[in-house]
Amino acid sequence: METKTWTTCPFCGVGCGIVVHTRDGRIAWVDDDPANLSSRGMLCVKGRFGTTFVQHPDRLTTPLIRRGGEFVPATWDEALDLIAERLPAFRGRFGSFASAKATNEDAFVQQKFVRLIMGTNNIDHCTRLCHSPSVEAMLDQLGSGATSNSYSDYEEASCLVLVGCDPGSNHPVIASRMRKAVDEFGTRLVVVNPKRIDMAERADIFLQPLPGTDVALFNGMARAILDEGLEDRAFIAGRTEGFEAWRAAVLERTVEEYAAVCGVGAAELREAARLYAAPPPRRGLPPGERPGSCLAWGMGITQHAHGTDNARALINLALLTGQLGRPGCGISPLRGQNNVQGCGDAGCIPDSLPGYQPYAGDVAAIFEEAWGAGIPREPGIKATDMVERIAAGDIRAMYIVGENPLLSEPNLAHAEALFRQLDFLVVQDLFLHETAQLADVVLPACSFAEKDGTFTNSERRVQRVRPAIPPVGASRPDWAIIADLARRMAPGAGIDPRQFAYGSAAEVFAEMARLTPQLRGISYERLDREGGIQWPCPNPDHPGTRFLYADRFPRGLGKFVPVRQAEPAAELPDSAYPLVLNTGRVLYHWHGGTITRRVQALVEQMPEVPVAIHPDDAAKLGIDEGVEVVVRSRRGRLTGKAVITDAVREGSVFVPFVKLQGSAANFLTNNAYDEPSRIPEYKVCAVRVEKKRPRPVGAIGAPPTASRGR
Amino acid sequence: MLAAAHRERGYLDPETVEGIARELRIPAAEAWEAATSQHEFRFEPGLPARGCAGVACAIQPGWREPTLPAGCLFTCFAPPASGDERPFPPDMVRRAGPLLASWECGWAGFERARSLGPQAALEELAASGLRGRGGAYFPAAAKWRAALRHGAPLALVMNGEEGEPGVFKDRALLCLRPERVVEGLAIAMEVLRPAVTIAFINGSADPAAEAFERALADSPVAGQVLVYRGAGGYVLGEETALLNAIEGRRAVPRPRPPLPVDAGLFGMPTVVNNVETFASVSVIFRQGAAAFRSFGTSEAPGTRLLSLSGRVARPGIYEVALGTRLSDVLEEAGAPPAERTALLCGGPSGGFLPAAMADVATLPGRYHPTGAMLGAGGVVVLEAPGDIRRAALTMAAFNAEQSCGKCTPCREGAPLLFEQLSAGETSDIDELAEVVQAASLCGLGQMATGPVRSALAFWPEVFR
Amino acid sequence: MRVDGQEVEPAGTILDAVLALGISLPHLCKDDNLPAIGACRTCLVEADGRVVAACHTPAAGVEEVLTASERAVRLRRAVLRLTARMHGPRPDVEGGPRSAELWAAYGEHGLEQPAYPRRARDTFDTSSPFFHFDEQACILCGRCVAACQGLQHIGAIGIAGTGTHARVTPGAGVAFAASICTACGSCVAACPTHALRPAPSSRDGVRFERATEG
């Protein structure tokens, strides 16, 4: 039997529409969906060829309970009863990671469980590791942490500025739409990246700054704009505050001084500033419309010890030039995971309720009335701190859904030691990954292809997820598992079990929409009829919102915040570790690779971790293309295959953080944090590279052991 | 850039094309398909100088039955052709009229157009009744008006690719009277006010291009015209393929609509006219529409250049008023007695005609339903039936070889027509010819069956 | 406008109108996701007595379209016979979601045996782990190139060469793996034959070796 299911791609945050073709209950082909409003018939290799992981033999098919150091298959009742029995003892010392890969419905039920049953706001998700500095800065300066524009604005912009992101690898369909703008409409392109990414080939200006000097770079652009009088004075006067103090800080140095700090040419820096502030109109710009510029950034901005400052410097630039709130302009933190926007929207963050609503009186009261019980009003602990605070005993039990922190945390050896100290660990996922191997109970969850739900993509578009295949083994949707557990624990917590008596994902969404003003107008019925809808959508007649900030910012006026360049990074190269390690992602693998390592063609395409190194450094070290190399930092080491390329700066190496053959960049990275957002500095640490010496097979980069030494 | 690199090295290789692609910031595959769609580029070094496989050369002694590939070197007036092009010899102008009359100094036509202003100048052009000389005879003023109607920035293109075997009149004009062509182009620029003006001249026609550039440099529009050199061959007579070639794309025709006057070069409304059309424009503005109309017929006024080659005593260019009897021209050129003579009229898109049937007026449209037509004015005189097989196979091979390869009927059908004709298997040819004619994407494919059909219609015995 | 006697709103192209009525008409080079190319010539219909390609002829201004007139069917059949010159008989392999279009077109026009000798082209590019390119089945419709250049704006492939030398070619004559192809698969999705088809290894997780964790 053959079926076709219209659903949403489970990989990056672009949120492409896919049509899953099945034959006899197995995925046979994934087609693009020309009607999808976000992807318009485009797809990338992962969406097209990468979804077979859902039927990989490694899928968990039954709950597992650890007994005497071994996992033993269990029934759902056994597993959930065990958790329901153990967890109450950890109230006050409990934390939970939600999954940006699961649906909005999964996330909503999980945060409700954590807040209502476990009585804590200690819930967070991977945004802490990717865009928390962006969200932090945007919430503070504008009042909303979302991408302000739509993908269609990339095609309508007259200039695109890509900073610290590699859409060609990580958001391929956004890259396609940007290439379309450049090729068809003559849109100007500015690329800022220490690595020469593919998009740089089409760029008008390519700046390759020294790692960690972003604040100086954007202040330098701001200075150039001020010098040439290209700022939008009407916008600054009418829509912003704090301009003068910020201006004084920027004027402390000249463009030449800023450029020198970054190691870029002052002339190029000025030209980039001109293009951003006042680009020449693209072909086909409607007469009378001001040429717009879109600013998009990625982890290259955020994953620094001063990531929030970097984001602030960018937002200052957008406010300075008024490149906000019109077609063809806006600011976009490019989201890495399919539902990182929705997971935050649904309330899986420690400092606010669903819809980014504060814990303050009125709002919390609405939730308490709806949920029939009190909820904690103190902000919870952030993800990175939850891990660090295991050591202090503040966190003794964790419930982790769809996350593999022992691949994604910095300084993995350190993180693993902490996780081993937990008293009780529940992991709910598709595969028995590194973290799950340390768990007390492992619960098998359904993949995106087996459940109903919604994902919210980078352009705030809520899109449907629909089941294409039957659940694998005994797996169940995340929301259903947690609701079942919550019903078992509710009486003990003094909660009405009917609070978790959802009959379908649609019922969960309906409750979330009721409690979240920005989603209130959206329903499954509308999504099925109209396709994806972009929030804010406050009522059922509202068409959704293409771009934010047309008239005002959620906080009223946009706020300039002075920022100054600090030390480039917490750990800088020295004689023992002379090179700077930059991490990122590659097209053929997704993040840590827990999923894409289970797609044979993707592994064939890239079987080993590539270590990109500049030809001059390679020559000094006697390293040839394709040889095995060892990269060491103060915290660990990995082996990989040398790729010699002048795409990286001299003195830098680039390693994607995918784990292949036991090697992962996060064995090297530094657990230094940005203070406001608590994001780790993945992007910069000091390493040395050497040719691998012959050794007995298996002695290098040994994987974490499967049994938990307690 | 491709043309310059080819000129420098004599051939293109993948590395060169990749380098150019990087410089232009376009993908290698797109540069490679653009390069390899140009018939006259070579992709390996050290190939022997190309021989000509045009009809006039084909009837020379020592000729071998054509095999693919096949092309033309465009010196049909002095066969056999070989080597680089030389300037068009003035003595090959056998009869001159207003177009080829000696050039009087100054830019009087251009000045007149300027003083009239675009609107009145356009009316003057309309009053002249000029029809395009590329072969389709579309009224020039109507084309210009259609492009102007959009009020958008537009493009003006002069098509000087001249890729039809048996036609060499653009080369004659460009070499001998380049000022007249430049003036016509300048007048068009005055009327159309294009955002970009491109003169596209055949990549092998160096003497013509050099003469044109010299005249341009002394003209009122010096510095305002981009001269492009192509290598595209016959298909560039199709104007959308020409536009693709200019854009650096694969040189294949685009589906219509849109017409170039609505969305042509880079999407701009675009006027494409032939070299001889521009020369005619110059004549109109110097001598007036009425004087222009004193030649030709009321439907098809003016003179045009016929290119005569083959078995005539006096091959070369004959400038005649439209409507002149073809037989009169043949007599003037010294063609052999009609009963032993055949004509190829209109080249690969036209057809063969017994000279006994040549008492026809040189007017737009077919001389005979099997294919013979005025077209771009090419007439090759042949001995019948002795030359017919050679000539028909030459044209069939040319059409097969010059197919751009985009649409199925022409790409697959034209070589089959050649193969079947060559092998004398003519039973299926009618059906094959019908589909190539009715189903091909562009006019060149649609008309590619004329030589085969007409030859079979009049001299079926020579193919048995 | 009437198509085969049925009234229809003349919006878009004739092909749009024909397909909107649920009438079957081959359109091997026209992907619903991409603009008309006009290369395959298999969508010929009679429009007010003229034979036109439905995919790039606007419906506006046309009164009477006949998809099944004797002349239209005869010409489509003749075009399909020429199309069949490019490949052999149907092999026992699967293509993408649109790969049955060619065989369906043959079936509807009563074509079974190739009418002309096959023109051998035998590149079989298996350099990508995601899909294979089997040139024997390529009918040069150009959909893959349009998808790569016009939809995804990648430009990994083009059609190089003229006439019967025309070939779908990655880069400046290299294999897919050596080109800038990102394996987005839009070409595979667009291909109306099995020429571009998913590699067997990309199809199904069940045949894989168990991945070793860590």
# chains A, B, ... in the order shown; residues from 1 in each chain; ligands from 1
$ closest_atom_pairs --of "chain B" --to "chain A" --cutoff "10 Å" --atoms "only C-alpha atoms" --output "Markdown table"
| residue | atom | partner | partner_atom | distance |
| --- | --- | --- | --- | --- |
| B:Arg22 | CA | A:Glu201 | CA | 8.1 |
| B:Glu23 | CA | A:Glu201 | CA | 9.7 |
| B:Leu24 | CA | A:Arg202 | CA | 9.2 |
| B:Arg25 | CA | A:Arg202 | CA | 5.9 |
| B:Ile26 | CA | A:Arg202 | CA | 8.0 |
| B:Pro27 | CA | A:Glu201 | CA | 9.8 |
| B:Phe266 | CA | A:Glu184 | CA | 9.2 |
$ residues_around --residues "region 71-80 of chain C" --least-positions-apart "4" --cutoff "7 Å" --atoms "only C-alpha atoms" --output "PDB file with all heavy atoms, in the first residue's frame"
ATOM      1  N   PRO B 409      11.918  17.239 -31.238  1.00  0.00           N
ATOM      2  CA  PRO B 409      11.713  16.984 -32.669  1.00  0.00           C
ATOM      3  C   PRO B 409      12.906  17.388 -33.517  1.00  0.00           C
ATOM      4  O   PRO B 409      13.312  16.645 -34.417  1.00  0.00           O
ATOM      5  CB  PRO B 409      10.482  17.842 -33.003  1.00  0.00           C
ATOM      6  CG  PRO B 409       9.800  18.079 -31.708  1.00  0.00           C
ATOM      7  CD  PRO B 409      10.870  18.098 -30.670  1.00  0.00           C
ATOM      8  N   VAL B 435       6.454  16.015 -38.303  1.00  0.00           N
ATOM      9  CA  VAL B 435       6.563  16.263 -36.870  1.00  0.00           C
ATOM     10  C   VAL B 435       7.659  17.296 -36.584  1.00  0.00           C
ATOM     11  O   VAL B 435       7.505  18.159 -35.718  1.00  0.00           O
ATOM     12  CB  VAL B 435       6.746  14.968 -36.058  1.00  0.00           C
ATOM     13  CG1 VAL B 435       8.054  14.284 -36.373  1.00  0.00           C
ATOM     14  CG2 VAL B 435       6.682  15.262 -34.568  1.00  0.00           C
TER      15      VAL B 435
ATOM     16  N   ARG C  41       7.985  18.918 -26.192  1.00  0.00           N
ATOM     17  CA  ARG C  41       6.968  19.000 -27.245  1.00  0.00           C
ATOM     18  C   ARG C  41       5.967  17.845 -27.175  1.00  0.00           C
ATOM     19  O   ARG C  41       5.446  17.409 -28.201  1.00  0.00           O
ATOM     20  CB  ARG C  41       7.610  19.025 -28.649  1.00  0.00           C
ATOM     21  CG  ARG C  41       8.861  19.854 -28.773  1.00  0.00           C
ATOM     22  CD  ARG C  41       8.723  21.264 -28.298  1.00  0.00           C
ATOM     23  NE  ARG C  41       7.861  22.114 -29.105  1.00  0.00           N
ATOM     24  CZ  ARG C  41       7.487  23.345 -28.734  1.00  0.00           C
ATOM     25  NH1 ARG C  41       7.898  23.844 -27.587  1.00  0.00           N
ATOM     26  NH2 ARG C  41       6.703  24.054 -29.501  1.00  0.00           N
ATOM     27  N   THR C  42       5.713  17.340 -25.996  1.00  0.00           N
ATOM     28  CA  THR C  42       4.762  16.237 -25.889  1.00  0.00           C
ATOM     29  C   THR C  42       3.378  16.710 -25.470  1.00  0.00           C
ATOM     30  O   THR C  42       2.478  15.903 -25.311  1.00  0.00           O
ATOM     31  CB  THR C  42       5.237  15.173 -24.875  1.00  0.00           C
ATOM     32  OG1 THR C  42       5.465  15.819 -23.618  1.00  0.00           O
ATOM     33  CG2 THR C  42       6.498  14.497 -25.346  1.00  0.00           C
ATOM     34  N   LEU C  44       1.456  18.756 -27.212  1.00  0.00           N
ATOM     35  CA  LEU C  44       0.847  19.417 -28.361  1.00  0.00           C
ATOM     36  C   LEU C  44      -0.667  19.240 -28.359  1.00  0.00           C
ATOM     37  O   LEU C  44      -1.180  18.142 -28.114  1.00  0.00           O
ATOM     38  CB  LEU C  44       1.413  18.836 -29.654  1.00  0.00           C
ATOM     39  CG  LEU C  44       2.915  18.984 -29.867  1.00  0.00           C
ATOM     40  CD1 LEU C  44       3.319  18.263 -31.158  1.00  0.00           C
ATOM     41  CD2 LEU C  44       3.310  20.449 -29.941  1.00  0.00           C
ATOM     42  N   VAL C  45      -1.365  20.325 -28.626  1.00  0.00           N
ATOM     43  CA  VAL C  45      -2.818  20.268 -28.785  1.00  0.00           C
ATOM     44  C   VAL C  45      -3.178  21.153 -29.981  1.00  0.00           C
ATOM     45  O   VAL C  45      -2.354  21.943 -30.445  1.00  0.00           O
ATOM     46  CB  VAL C  45      -3.559  20.804 -27.526  1.00  0.00           C
ATOM     47  CG1 VAL C  45      -3.310  19.915 -26.332  1.00  0.00           C
ATOM     48  CG2 VAL C  45      -3.164  22.245 -27.226  1.00  0.00           C
ATOM     49  N   GLU C  46      -4.399  21.016 -30.431  1.00  0.00           N
ATOM     50  CA  GLU C  46      -4.880  21.921 -31.470  1.00  0.00           C
ATOM     51  C   GLU C  46      -5.633  23.052 -30.800  1.00  0.00           C
ATOM     52  O   GLU C  46      -6.584  22.817 -30.058  1.00  0.00           O
ATOM     53  CB  GLU C  46      -5.818  21.178 -32.428  1.00  0.00           C
ATOM     54  CG  GLU C  46      -5.185  20.944 -33.778  1.00  0.00           C
ATOM     55  CD  GLU C  46      -6.170  20.367 -34.781  1.00  0.00           C
ATOM     56  OE1 GLU C  46      -6.274  19.124 -34.806  1.00  0.00           O
ATOM     57  OE2 GLU C  46      -6.821  21.147 -35.510  1.00  0.00           O
ATOM     58  N   VAL C  51      -1.539  23.858 -34.245  1.00  0.00           N
ATOM     59  CA  VAL C  51      -0.935  22.934 -33.288  1.00  0.00           C
ATOM     60  C   VAL C  51       0.051  23.724 -32.433  1.00  0.00           C
ATOM     61  O   VAL C  51       0.966  24.353 -32.950  1.00  0.00           O
ATOM     62  CB  VAL C  51      -0.219  21.787 -34.012  1.00  0.00           C
ATOM     63  CG1 VAL C  51       0.553  20.934 -33.020  1.00  0.00           C
ATOM     64  CG2 VAL C  51      -1.235  20.938 -34.748  1.00  0.00           C
ATOM     65  N   THR C  67      -7.614  18.302 -27.468  1.00  0.00           N
ATOM     66  CA  THR C  67      -6.440  17.518 -27.065  1.00  0.00           C
ATOM     67  C   THR C  67      -6.391  16.188 -27.794  1.00  0.00           C
ATOM     68  O   THR C  67      -5.344  15.563 -27.867  1.00  0.00           O
ATOM     69  CB  THR C  67      -6.439  17.221 -25.556  1.00  0.00           C
ATOM     70  OG1 THR C  67      -7.489  16.313 -25.261  1.00  0.00           O
ATOM     71  CG2 THR C  67      -6.605  18.493 -24.733  1.00  0.00           C
ATOM     72  N   ALA C  84      11.542   8.296 -27.694  1.00  0.00           N
ATOM     73  CA  ALA C  84      11.950   6.918 -27.374  1.00  0.00           C
ATOM     74  C   ALA C  84      13.292   6.573 -27.993  1.00  0.00           C
ATOM     75  O   ALA C  84      13.920   5.585 -27.614  1.00  0.00           O
ATOM     76  CB  ALA C  84      10.883   5.940 -27.861  1.00  0.00           C
ATOM     77  N   TYR C 106       3.763   7.044 -23.021  1.00  0.00           N
ATOM     78  CA  TYR C 106       3.860   6.005 -24.053  1.00  0.00           C
ATOM     79  C   TYR C 106       2.589   5.166 -24.072  1.00  0.00           C
ATOM     80  O   TYR C 106       2.026   4.881 -25.121  1.00  0.00           O
ATOM     81  CB  TYR C 106       5.060   5.077 -23.788  1.00  0.00           C
ATOM     82  CG  TYR C 106       6.400   5.697 -24.065  1.00  0.00           C
ATOM     83  CD1 TYR C 106       7.558   5.091 -23.614  1.00  0.00           C
ATOM     84  CD2 TYR C 106       6.522   6.876 -24.786  1.00  0.00           C
ATOM     85  CE1 TYR C 106       8.811   5.635 -23.856  1.00  0.00           C
ATOM     86  CE2 TYR C 106       7.760   7.428 -25.038  1.00  0.00           C
ATOM     87  CZ  TYR C 106       8.901   6.811 -24.564  1.00  0.00           C
ATOM     88  OH  TYR C 106      10.123   7.354 -24.807  1.00  0.00           O
ATOM     89  N   HIS C 109      -0.362   6.634 -25.706  1.00  0.00           N
ATOM     90  CA  HIS C 109      -0.244   6.831 -27.144  1.00  0.00           C
ATOM     91  C   HIS C 109       0.081   5.540 -27.885  1.00  0.00           C
ATOM     92  O   HIS C 109       0.532   5.556 -29.026  1.00  0.00           O
ATOM     93  CB  HIS C 109       0.778   7.927 -27.458  1.00  0.00           C
ATOM     94  CG  HIS C 109       0.299   9.271 -27.036  1.00  0.00           C
ATOM     95  ND1 HIS C 109       0.331   9.678 -25.722  1.00  0.00           N
ATOM     96  CD2 HIS C 109      -0.293  10.272 -27.730  1.00  0.00           C
ATOM     97  CE1 HIS C 109      -0.197  10.903 -25.634  1.00  0.00           C
ATOM     98  NE2 HIS C 109      -0.576  11.276 -26.832  1.00  0.00           N
TER      99      HIS C 109
END
$ select_by_dssp --residues "region 105-266 of chain B" --states "strand (DSSP E or B)" --output "list in words"
Arg131, Pro139, Ala155, Leu156, Val157, Met158, Asn159, Gly160, Val196, Thr197, Ile198, Ala199, Phe200, Ile201, Asn202, Leu226, Val227, Tyr228, Arg229 and Gly230 of chain B
$ write_last_selection --atoms "N, CA and C atoms" --output "compact mmCIF listing (two decimals), in the first residue's frame"
# COMPACT_ATOMS: atom_id res chain seq x y z
N ARG B 131 10.28 46.59 -43.36
CA ARG B 131 10.13 45.29 -42.69
C ARG B 131 11.51 44.71 -42.40
N PRO B 139 7.16 44.20 -39.52
CA PRO B 139 7.28 45.66 -39.66
C PRO B 139 8.10 46.25 -38.51
N ALA B 155 16.07 47.28 -24.04
CA ALA B 155 17.35 46.89 -24.61
C ALA B 155 17.23 46.88 -26.13
N LEU B 156 18.31 47.26 -26.80
CA LEU B 156 18.36 47.27 -28.26
C LEU B 156 19.51 46.37 -28.69
N VAL B 157 19.22 45.44 -29.58
CA VAL B 157 20.24 44.49 -29.99
C VAL B 157 20.32 44.46 -31.51
N MET B 158 21.54 44.60 -32.03
CA MET B 158 21.75 44.41 -33.45
C MET B 158 22.25 42.98 -33.67
N ASN B 159 21.51 42.23 -34.48
CA ASN B 159 21.91 40.84 -34.73
C ASN B 159 22.80 40.78 -35.96
N GLY B 160 24.09 40.62 -35.72
CA GLY B 160 25.05 40.47 -36.81
C GLY B 160 25.72 39.11 -36.76
N VAL B 196 20.34 49.82 -22.67
CA VAL B 196 21.56 49.15 -23.11
C VAL B 196 21.43 48.84 -24.59
N THR B 197 22.53 49.04 -25.32
CA THR B 197 22.54 48.73 -26.75
C THR B 197 23.70 47.78 -27.02
N ILE B 198 23.37 46.70 -27.69
CA ILE B 198 24.39 45.68 -27.94
C ILE B 198 24.46 45.39 -29.43
N ALA B 199 25.67 45.43 -29.97
CA ALA B 199 25.89 45.01 -31.35
C ALA B 199 26.53 43.64 -31.30
N PHE B 200 25.82 42.64 -31.78
CA PHE B 200 26.31 41.26 -31.70
C PHE B 200 26.82 40.87 -33.07
N ILE B 201 28.10 40.57 -33.16
CA ILE B 201 28.72 40.28 -34.45
C ILE B 201 29.39 38.91 -34.39
N ASN B 202 29.17 38.15 -35.46
CA ASN B 202 29.70 36.78 -35.54
C ASN B 202 31.17 36.71 -35.09
N LEU B 226 27.71 48.37 -26.74
CA LEU B 226 28.58 47.25 -26.38
C LEU B 226 28.67 46.30 -27.57
N VAL B 227 29.87 45.98 -27.99
CA VAL B 227 30.04 45.04 -29.10
C VAL B 227 30.29 43.65 -28.52
N TYR B 228 29.42 42.71 -28.85
CA TYR B 228 29.55 41.33 -28.39
C TYR B 228 29.97 40.46 -29.55
N ARG B 229 30.89 39.56 -29.28
CA ARG B 229 31.28 38.60 -30.31
C ARG B 229 30.84 37.23 -29.85
N GLY B 230 30.11 36.54 -30.71
CA GLY B 230 29.59 35.24 -30.32
C GLY B 230 30.27 34.13 -31.09
$ residues_around --residues "Tyr356 (chain A)" --least-positions-apart "5" --cutoff "9 Å" --atoms "only C-alpha atoms" --output "list in words"
Ser144, Gly145, Gly344, Asp345, Ala346, Gly347, Ile349, Asp351 and Thr516 of chain A
$ interface_residues --of "chain A" --to "chain C" --cutoff "7 Å" --atoms "only C-alpha atoms" --output "number ranges by chain"
A: 28-29, 31, 34, 41-45, 48-49, 52-53, 55-58, 176, 179-180, 433, 598-601, 604-605, 661-662, 703
$ residues_around --residues "Val379 (chain B)" --least-positions-apart "4" --cutoff "6 Å" --atoms "only C-alpha atoms" --output "PyMOL selection string"
chain B and resi 307-308+344-345
$ decode --residues "region 503-517 of chain A" --atoms "N, CA, C and O atoms" --output "mmCIF file, in the first residue's frame"
data_model
loop_
_atom_site.group_PDB
_atom_site.id
_atom_site.type_symbol
_atom_site.label_atom_id
_atom_site.label_comp_id
_atom_site.auth_asym_id
_atom_site.auth_seq_id
_atom_site.Cartn_x
_atom_site.Cartn_y
_atom_site.Cartn_z
ATOM 1 N N GLY A 503 -7.076 14.037 24.725
ATOM 2 C CA GLY A 503 -7.396 12.930 23.828
ATOM 3 C C GLY A 503 -6.628 12.998 22.522
ATOM 4 O O GLY A 503 -6.542 12.021 21.789
ATOM 5 N N SER A 504 -6.057 14.169 22.225
ATOM 6 C CA SER A 504 -5.349 14.297 20.952
ATOM 7 C C SER A 504 -4.402 15.490 21.034
ATOM 8 O O SER A 504 -4.529 16.337 21.923
ATOM 9 N N ALA A 505 -3.496 15.540 20.059
ATOM 10 C CA ALA A 505 -2.594 16.694 19.986
ATOM 11 C C ALA A 505 -3.386 17.970 19.741
ATOM 12 O O ALA A 505 -3.024 19.045 20.229
ATOM 13 N N ALA A 506 -4.471 17.849 19.010
ATOM 14 C CA ALA A 506 -5.291 19.037 18.735
ATOM 15 C C ALA A 506 -5.819 19.650 20.021
ATOM 16 O O ALA A 506 -5.894 20.881 20.158
ATOM 17 N N GLU A 507 -6.185 18.794 20.969
ATOM 18 C CA GLU A 507 -6.677 19.324 22.244
ATOM 19 C C GLU A 507 -5.573 20.066 22.983
ATOM 20 O O GLU A 507 -5.809 21.096 23.614
ATOM 21 N N VAL A 508 -4.349 19.538 22.911
ATOM 22 C CA VAL A 508 -3.233 20.224 23.556
ATOM 23 C C VAL A 508 -3.034 21.584 22.907
ATOM 24 O O VAL A 508 -2.891 22.611 23.578
ATOM 25 N N PHE A 509 -3.051 21.603 21.576
ATOM 26 C CA PHE A 509 -2.822 22.871 20.881
ATOM 27 C C PHE A 509 -3.905 23.879 21.238
ATOM 28 O O PHE A 509 -3.631 25.067 21.435
ATOM 29 N N ALA A 510 -5.129 23.397 21.327
ATOM 30 C CA ALA A 510 -6.228 24.305 21.643
ATOM 31 C C ALA A 510 -5.998 24.976 22.997
ATOM 32 O O ALA A 510 -6.229 26.183 23.156
ATOM 33 N N GLU A 511 -5.524 24.204 23.978
ATOM 34 C CA GLU A 511 -5.264 24.798 25.296
ATOM 35 C C GLU A 511 -4.121 25.811 25.195
ATOM 36 O O GLU A 511 -4.185 26.899 25.772
ATOM 37 N N MET A 512 -3.070 25.443 24.466
ATOM 38 C CA MET A 512 -1.931 26.344 24.330
ATOM 39 C C MET A 512 -2.372 27.646 23.654
ATOM 40 O O MET A 512 -1.990 28.739 24.070
ATOM 41 N N ALA A 513 -3.185 27.546 22.606
ATOM 42 C CA ALA A 513 -3.638 28.736 21.889
ATOM 43 C C ALA A 513 -4.498 29.619 22.790
ATOM 44 O O ALA A 513 -4.408 30.848 22.748
ATOM 45 N N ARG A 514 -5.303 28.968 23.633
ATOM 46 C CA ARG A 514 -6.154 29.738 24.550
ATOM 47 C C ARG A 514 -5.321 30.565 25.516
ATOM 48 O O ARG A 514 -5.642 31.700 25.835
ATOM 49 N N LEU A 515 -4.192 29.989 25.969
ATOM 50 C CA LEU A 515 -3.395 30.630 27.008
ATOM 51 C C LEU A 515 -2.287 31.527 26.451
ATOM 52 O O LEU A 515 -1.578 32.172 27.207
ATOM 53 N N THR A 516 -2.118 31.524 25.131
ATOM 54 C CA THR A 516 -0.997 32.249 24.524
ATOM 55 C C THR A 516 -1.547 33.251 23.519
ATOM 56 O O THR A 516 -1.978 32.857 22.439
ATOM 57 N N PRO A 517 -1.561 34.533 23.849
ATOM 58 C CA PRO A 517 -2.217 35.519 22.972
ATOM 59 C C PRO A 517 -1.708 35.484 21.532
ATOM 60 O O PRO A 517 -2.490 35.619 20.599
#
